[in-house]
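Structure file start.pdb with PDB, C-alpha atoms and all ligand atoms:
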ATOM      1  CA  MET G 256       0.000   0.000   0.000
ATOM      2  CA  ILE G 257       2.694   2.495   1.046
ATOM      3  CA  LYS G 258       4.687   1.527  -2.015
ATOM      4  CA  LYS G 259       1.707   2.215  -4.257
ATOM      5  CA  ILE G 260       1.130   5.629  -2.698
ATOM      6  CA  LEU G 261       4.798   6.537  -3.070
ATOM      7  CA  LYS G 262       4.758   5.461  -6.672
ATOM      8  CA  PHE G 263       1.639   7.551  -7.289
ATOM      9  CA  VAL G 264       3.197  10.623  -5.628
ATOM     10  CA  PHE G 265       6.378  10.165  -7.630
ATOM     11  CA  VAL G 266       4.486   9.961 -10.917
ATOM     12  CA  ILE G 267       2.473  13.079 -10.075
ATOM     13  CA  LEU G 268       5.663  14.974  -9.200
ATOM     14  CA  LEU G 269       7.305  13.808 -12.384
ATOM     15  CA  ILE G 270       4.352  14.933 -14.497
ATOM     16  CA  GLY G 271       4.341  18.257 -12.642
ATOM     17  CA  PHE G 272       8.045  18.705 -13.321
ATOM     18  CA  VAL G 273       7.563  18.031 -17.024
ATOM     19  CA  VAL G 274       4.549  20.354 -17.256
ATOM     20  CA  ILE G 275       6.306  23.325 -15.616
ATOM     21  CA  GLN G 276       9.086  23.093 -18.197
ATOM     22  CA  PHE G 277       6.626  24.642 -20.648
ATOM     23  CA  ILE G 278       5.564  27.479 -18.357
ATOM     24  CA  GLY G 279       7.215  30.884 -18.254
ATOM     25  CA  ARG G 280      10.299  29.934 -20.232
ATOM     26  CA  PRO G 281      12.676  32.875 -19.939
ATOM     27  CA  GLU G 282      13.948  34.437 -23.105
ATOM     28  CA  LYS G 283      17.690  34.134 -22.591
ATOM     29  CA  THR G 284      18.835  37.402 -24.071
ATOM     30  CA  THR G 285      22.532  38.134 -24.254
ATOM     31  CA  THR G 286      24.840  40.102 -26.512
ATOM     32  CA  ALA G 287      28.504  41.014 -26.811
ATOM     33  CA  GLU G 288      27.580  44.353 -28.360
ATOM     34  CA  VAL G 289      28.914  47.506 -26.702
ATOM     35  CA  THR G 290      26.902  50.537 -27.772
ATOM     36  CA  ALA G 291      27.466  54.214 -26.976
ATOM     37  CA  ALA G 292      25.144  53.794 -23.966
ATOM     38  CA  HIS G 293      27.529  51.279 -22.355
ATOM     39  CA  ILE G 294      29.102  52.306 -19.057
ATOM     40  CA  THR G 295      32.587  51.867 -20.537
ATOM     41  CA  LYS G 296      31.693  54.499 -23.170
ATOM     42  CA  GLN G 297      30.051  56.832 -20.682
ATOM     43  CA  LEU G 298      32.530  56.762 -17.827
ATOM     44  CA  GLN G 299      36.243  56.245 -17.473
ATOM     45  CA  VAL G 300      36.429  52.559 -16.638
ATOM     46  CA  PRO G 301      40.015  51.295 -16.270
ATOM     47  CA  SER G 302      40.560  47.724 -17.401
ATOM     48  CA  ASN G 303      41.107  46.370 -13.877
ATOM     49  CA  VAL G 304      37.739  47.825 -12.814
ATOM     50  CA  GLU G 305      36.020  46.511 -15.888
ATOM     51  CA  SER G 306      37.356  43.026 -15.350
ATOM     52  CA  ILE G 307      35.942  42.963 -11.797
ATOM     53  CA  LEU G 308      32.559  44.185 -13.000
ATOM     54  CA  LYS G 309      32.657  41.621 -15.782
ATOM     55  CA  ARG G 310      33.531  38.764 -13.463
ATOM     56  CA  SER G 311      31.146  39.626 -10.622
ATOM     57  CA  CYS G 312      28.316  41.835 -11.871
ATOM     58  CA  TYR G 313      27.751  41.538 -15.620
ATOM     59  CA  ASP G 314      25.604  38.401 -15.384
ATOM     60  CA  CYS G 315      22.784  40.417 -13.750
ATOM     61  CA  HIS G 316      23.645  44.046 -14.472
ATOM     62  CA  SER G 317      24.403  43.991 -18.190
ATOM     63  CA  ASN G 318      23.165  42.471 -21.426
ATOM     64  CA  HIS G 319      26.302  40.271 -21.537
ATOM     65  CA  THR G 320      24.674  37.617 -19.357
ATOM     66  CA  LYS G 321      26.154  34.129 -19.360
ATOM     67  CA  TRP G 322      23.086  31.983 -18.794
ATOM     68  CA  PRO G 323      24.033  28.893 -16.766
ATOM     69  CA  TRP G 324      22.802  25.423 -17.801
ATOM     70  CA  TYR G 325      20.266  25.277 -14.948
ATOM     71  CA  SER G 326      18.597  28.380 -16.323
ATOM     72  CA  SER G 327      17.050  25.996 -18.863
ATOM     73  CA  ILE G 328      15.314  23.948 -16.195
ATOM     74  CA  ALA G 329      12.231  25.110 -14.295
ATOM     75  CA  PRO G 330      11.853  26.093 -11.508
ATOM     76  CA  ALA G 331      15.527  27.205 -11.324
ATOM     77  CA  SER G 332      15.070  29.030 -14.639
ATOM     78  CA  TRP G 333      12.372  31.260 -13.117
ATOM     79  CA  LEU G 334      14.583  32.282 -10.213
ATOM     80  CA  VAL G 335      17.600  33.018 -12.410
ATOM     81  CA  ALA G 336      15.534  34.987 -14.926
ATOM     82  CA  ASP G 337      13.881  36.971 -12.157
ATOM     83  CA  ASP G 338      17.220  38.078 -10.677
ATOM     84  CA  ILE G 339      18.523  39.052 -14.103
ATOM     85  CA  THR G 340      15.416  40.991 -15.099
ATOM     86  CA  THR G 341      15.311  42.816 -11.755
ATOM     87  CA  GLY G 342      19.057  43.409 -11.732
ATOM     88  CA  ARG G 343      19.072  44.856 -15.246
ATOM     89  CA  LYS G 344      16.095  47.055 -14.459
ATOM     90  CA  LYS G 345      17.821  48.478 -11.424
ATOM     91  CA  MET G 346      21.137  49.107 -13.164
ATOM     92  CA  ASN G 347      22.215  47.938 -16.599
ATOM     93  CA  PHE G 348      25.868  48.602 -17.452
ATOM     94  CA  SER G 349      25.065  47.930 -21.124
ATOM     95  CA  ASP G 350      22.460  50.665 -21.020
ATOM     96  CA  TRP G 351      23.880  53.108 -18.506
ATOM     97  CA  THR G 352      22.133  56.142 -20.019
ATOM     98  CA  SER G 353      18.689  54.633 -19.464
ATOM     99  CA  LEU G 354      19.027  55.937 -15.910
ATOM    100  CA  SER G 355      18.674  59.630 -15.162
ATOM    101  CA  GLU G 356      21.873  61.432 -14.284
ATOM    102  CA  ALA G 357      20.861  61.630 -10.639
ATOM    103  CA  LYS G 358      20.159  57.896 -10.553
ATOM    104  CA  ARG G 359      23.485  57.078 -12.161
ATOM    105  CA  GLU G 360      25.278  58.956  -9.416
ATOM    106  CA  ALA G 361      23.153  57.271  -6.781
ATOM    107  CA  ARG G 362      23.927  53.837  -8.251
ATOM    108  CA  LEU G 363      27.663  54.575  -8.296
ATOM    109  CA  ASN G 364      27.491  55.359  -4.595
ATOM    110  CA  GLU G 365      25.439  52.238  -3.953
ATOM    111  CA  ILE G 366      27.973  50.037  -5.744
ATOM    112  CA  CYS G 367      30.522  50.706  -3.024
ATOM    113  CA  GLU G 368      27.949  50.335  -0.234
ATOM    114  CA  GLU G 369      26.528  47.078  -1.575
ATOM    115  CA  ILE G 370      29.890  45.387  -2.030
ATOM    116  CA  LYS G 371      31.243  46.551   1.334
ATOM    117  CA  SER G 372      28.256  45.033   3.115
ATOM    118  CA  ASP G 373      28.518  41.849   0.994
ATOM    119  CA  GLU G 374      24.999  42.354  -0.357
ATOM    120  CA  MET G 375      26.313  42.303  -3.928
ATOM    121  CA  PRO G 376      27.043  40.066  -5.730
ATOM    122  CA  MET G 377      23.961  38.311  -4.309
ATOM    123  CA  PRO G 378      25.151  35.693  -1.779
ATOM    124  CA  LYS G 379      23.036  32.963  -3.398
ATOM    125  CA  TYR G 380      24.754  33.688  -6.722
ATOM    126  CA  LEU G 381      28.151  33.212  -5.092
ATOM    127  CA  LEU G 382      27.190  29.682  -4.002
ATOM    128  CA  LEU G 383      27.365  28.649  -7.647
ATOM    129  CA  HIS G 384      29.841  31.280  -8.885
ATOM    130  CA  GLY G 385      32.808  31.167  -6.545
ATOM    131  CA  GLU G 386      34.905  33.073  -9.074
ATOM    132  CA  ALA G 387      32.640  36.126  -8.641
ATOM    133  CA  LYS G 388      33.481  36.577  -4.960
ATOM    134  CA  LEU G 389      35.161  39.921  -4.334
ATOM    135  CA  SER G 390      38.413  40.070  -2.394
ATOM    136  CA  GLN G 391      39.146  43.022  -0.139
ATOM    137  CA  ALA G 392      41.470  44.293  -2.880
ATOM    138  CA  ASP G 393      38.648  44.104  -5.460
ATOM    139  CA  LYS G 394      36.349  46.047  -3.142
ATOM    140  CA  ASP G 395      38.983  48.716  -2.588
ATOM    141  CA  ILE G 396      39.530  49.072  -6.332
ATOM    142  CA  LEU G 397      35.798  49.459  -7.017
ATOM    143  CA  CYS G 398      35.210  51.920  -4.157
ATOM    144  CA  LYS G 399      38.194  54.074  -5.145
ATOM    145  CA  TRP G 400      36.987  54.055  -8.741
ATOM    146  CA  VAL G 401      33.464  55.094  -7.726
ATOM    147  CA  GLU G 402      34.851  57.925  -5.639
ATOM    148  CA  ALA G 403      37.107  59.145  -8.462
ATOM    149  CA  GLU G 404      34.314  59.000 -11.040
ATOM    150  CA  LEU G 405      31.854  60.874  -8.836
ATOM    151  CA  LYS G 406      34.444  63.552  -8.272
ATOM    152  CA  ARG G 407      35.231  63.783 -11.970
ATOM    153  CA  ILE G 408      31.530  63.982 -12.888
ATOM    154  CA  GLU G 409      30.986  66.764 -10.399
ATOM    155  CA  GLU G 410      33.957  68.734 -11.681
ATOM    156  CA  THR G 411      33.076  68.380 -15.353
ATOM    157  CA  ASP G 412      29.316  68.874 -15.006
ATOM    158  CA  PRO G 413      28.593  72.235 -16.651
ATOM    159  CA  GLY G 414      25.399  72.600 -14.635
ATOM    160  CA  LYS G 415      27.304  72.864 -11.372
TER     161      LYS G 415
HETATM  162  C1  LIG M 501      22.677  37.200  -9.363
HETATM  163  C2  LIG M 501      22.424  38.497  -9.902
HETATM  164  C3  LIG M 501      23.215  39.683  -9.426
HETATM  165  C4  LIG M 501      24.585  39.848  -9.402
HETATM  166  C5  LIG M 501      25.641  38.856  -9.829
HETATM  167  C6  LIG M 501      24.814  41.182  -8.951
HETATM  168  N1  LIG M 501      23.618  41.803  -8.696
HETATM  169 FE1  LIG M 501      23.361  43.713  -8.023
HETATM  170  N2  LIG M 501      21.346  43.443  -7.996
HETATM  171  C7  LIG M 501      20.692  42.305  -8.362
HETATM  172  C8  LIG M 501      19.262  42.482  -8.142
HETATM  173  C9  LIG M 501      18.201  41.443  -8.406
HETATM  174  C10 LIG M 501      19.100  43.785  -7.631
HETATM  175  C11 LIG M 501      17.812  44.463  -7.184
HETATM  176  C12 LIG M 501      17.688  44.151  -5.724
HETATM  177  C13 LIG M 501      16.604  44.874  -5.065
HETATM  178  O1  LIG M 501      16.193  45.930  -5.520
HETATM  179  O2  LIG M 501      16.205  44.370  -4.005
HETATM  180  C14 LIG M 501      20.418  44.372  -7.562
HETATM  181  C15 LIG M 501      20.664  45.651  -7.106
HETATM  182  C16 LIG M 501      21.909  46.242  -7.114
HETATM  183  C17 LIG M 501      22.158  47.624  -6.785
HETATM  184  C18 LIG M 501      21.120  48.633  -6.360
HETATM  185  C19 LIG M 501      20.996  48.541  -4.874
HETATM  186  C20 LIG M 501      19.700  49.003  -4.363
HETATM  187  O3  LIG M 501      19.695  49.991  -3.624
HETATM  188  O4  LIG M 501      18.694  48.357  -4.654
HETATM  189  C21 LIG M 501      23.486  47.831  -6.913
HETATM  190  C22 LIG M 501      24.235  49.131  -6.674
HETATM  191  C23 LIG M 501      24.072  46.569  -7.310
HETATM  192  N3  LIG M 501      23.085  45.627  -7.431
HETATM  193  C24 LIG M 501      25.415  46.396  -7.533
HETATM  194  C25 LIG M 501      25.986  45.191  -7.898
HETATM  195  C26 LIG M 501      27.407  45.028  -8.108
HETATM  196  C27 LIG M 501      28.449  46.130  -7.953
HETATM  197  C28 LIG M 501      27.598  43.732  -8.455
HETATM  198  C29 LIG M 501      28.898  43.052  -8.723
HETATM  199  C30 LIG M 501      29.952  43.222  -7.764
HETATM  200  C31 LIG M 501      26.295  43.078  -8.472
HETATM  201  N4  LIG M 501      25.349  44.003  -8.124
HETATM  202  C32 LIG M 501      26.075  41.752  -8.805
HETATM  203  C33 LIG M 501      21.263  41.153  -8.876
HETATM  204  C34 LIG M 501      22.622  40.923  -8.974
END
Encoded form (structure tokens):
Amino acid sequence: MIKKILKFVFVILLIGFVVIQFIGRPEKTTTAEVTAAHITKQLQVPSNVESILKRSCYDCHSNHTKWPWYSSIAPASWLVADDITTGRKKMNFSDWTSLSEAKREARLNEICEEIKSDEMPMPKYLLLHGEAKLSQADKDILCKWVEAELKRIEETDPGK
């Protein structure tokens, strides 16, 4: 009897798993294209800063996303796609100018805050992307860069 019930439950779960594969399939957009709106065209981004952003942030905050294999399998695919959509909406390095000037400055400030408090990259992302973990040296490089860029923007802004 127990065996029969278990078998029944297993079959139901299996059918459920197959069915959800057809629901809400994320469109896995990605591109290598760097347009004029890209942060590297808008700000002065030294190569050591860019390589940290690339390694630790681009998956969710740019259009250069490397979609992992499990992003093809529901329900993991929904979670991955949700983080990427939300992350890009909040701040997309491929489309830096989609944010107002005030927001861009706010985001730059937040970059340093988020990494210092280990809120970014998202801790759950680091479980599967050990290479994206920031060392203290990486954090220092990013925070110094943010500070320098904010200063430069302020000095060159004709409105100020
Ligand atoms: C796994 C995806 C992912 C990665 C990787 C990631 N982020 Fe995020 N990030 C998000 C999401 C999702 C949000 C929106 C969170 C929210 O609003 O609660 C966000 C929000 C932010 C924000 C805005 C903070 C705010 O006030 O809401 C900043 C700044 C940020 N991320 C910086 C970074 C930096 C810098 C890196 C790399 C060192 C990084 N993120 C890596 C997904 C990611």
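Every residue that the PyMOL selection byres (((chain G and resi 301) around 12) and not hetatm) selects in this file is listed here: Ile294, Thr295, Lys296, Leu298, Gln299, Val300, Ser302, Asn303, Val304, Glu305, Ser306, Ile307, Leu308, Ile396, Leu397, Lys399, Trp400, Val401, Ala403 and Glu404 of chain G.
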Write a file of the just-selected residues containing C-alpha atoms, as a compact mmCIF listing (two decimals), keeping the file's coordinate frame.
# COMPACT_ATOMS: atom_id res chain seq x y z
CA ILE G 294 29.10 52.31 -19.06
CA THR G 295 32.59 51.87 -20.54
CA LYS G 296 31.69 54.50 -23.17
CA LEU G 298 32.53 56.76 -17.83
CA GLN G 299 36.24 56.24 -17.47
CA VAL G 300 36.43 52.56 -16.64
CA SER G 302 40.56 47.72 -17.40
CA ASN G 303 41.11 46.37 -13.88
CA VAL G 304 37.74 47.82 -12.81
CA GLU G 305 36.02 46.51 -15.89
CA SER G 306 37.36 43.03 -15.35
CA ILE G 307 35.94 42.96 -11.80
CA LEU G 308 32.56 44.18 -13.00
CA ILE G 396 39.53 49.07 -6.33
CA LEU G 397 35.80 49.46 -7.02
CA LYS G 399 38.19 54.07 -5.14
CA TRP G 400 36.99 54.06 -8.74
CA VAL G 401 33.46 55.09 -7.73
CA ALA G 403 37.11 59.14 -8.46
CA GLU G 404 34.31 59.00 -11.04
Using only C-alpha atoms, which residues sit within 8 Å of G:Glu386 once same-chain residues fewer than 2 positions away are excluded, as a list in words? Arg310, Ser311, Leu381, His384 and Lys388 of chain G
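Considering the residues G:Met375, G:Pro323, G:Asn364, G:Ala387 and counting only C-alpha atoms, G:Lys406 has its shortest atom-to-atom contact with G:Asn364.
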Could you list, as a VMD selection string, all the residues within 10 Å of ligand LIG 501 (chain M), counting only C-alpha atoms and all ligand atoms? chain G and resid 307 to 317 320 334 to 347 359 361 to 371 373 to 381 383 to 384 387 to 389 393 to 394 397 to 398
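If you look at atom CA of G:Ser332 and atom CA of G:Asn318, they are 17.1 Å away from each other.
Proximity to G:Trp324 was assessed for G:Lys262, G:Lys358, G:His293, G:Lys283 counting only C-alpha atoms; the smallest distance is recorded for G:Lys283.
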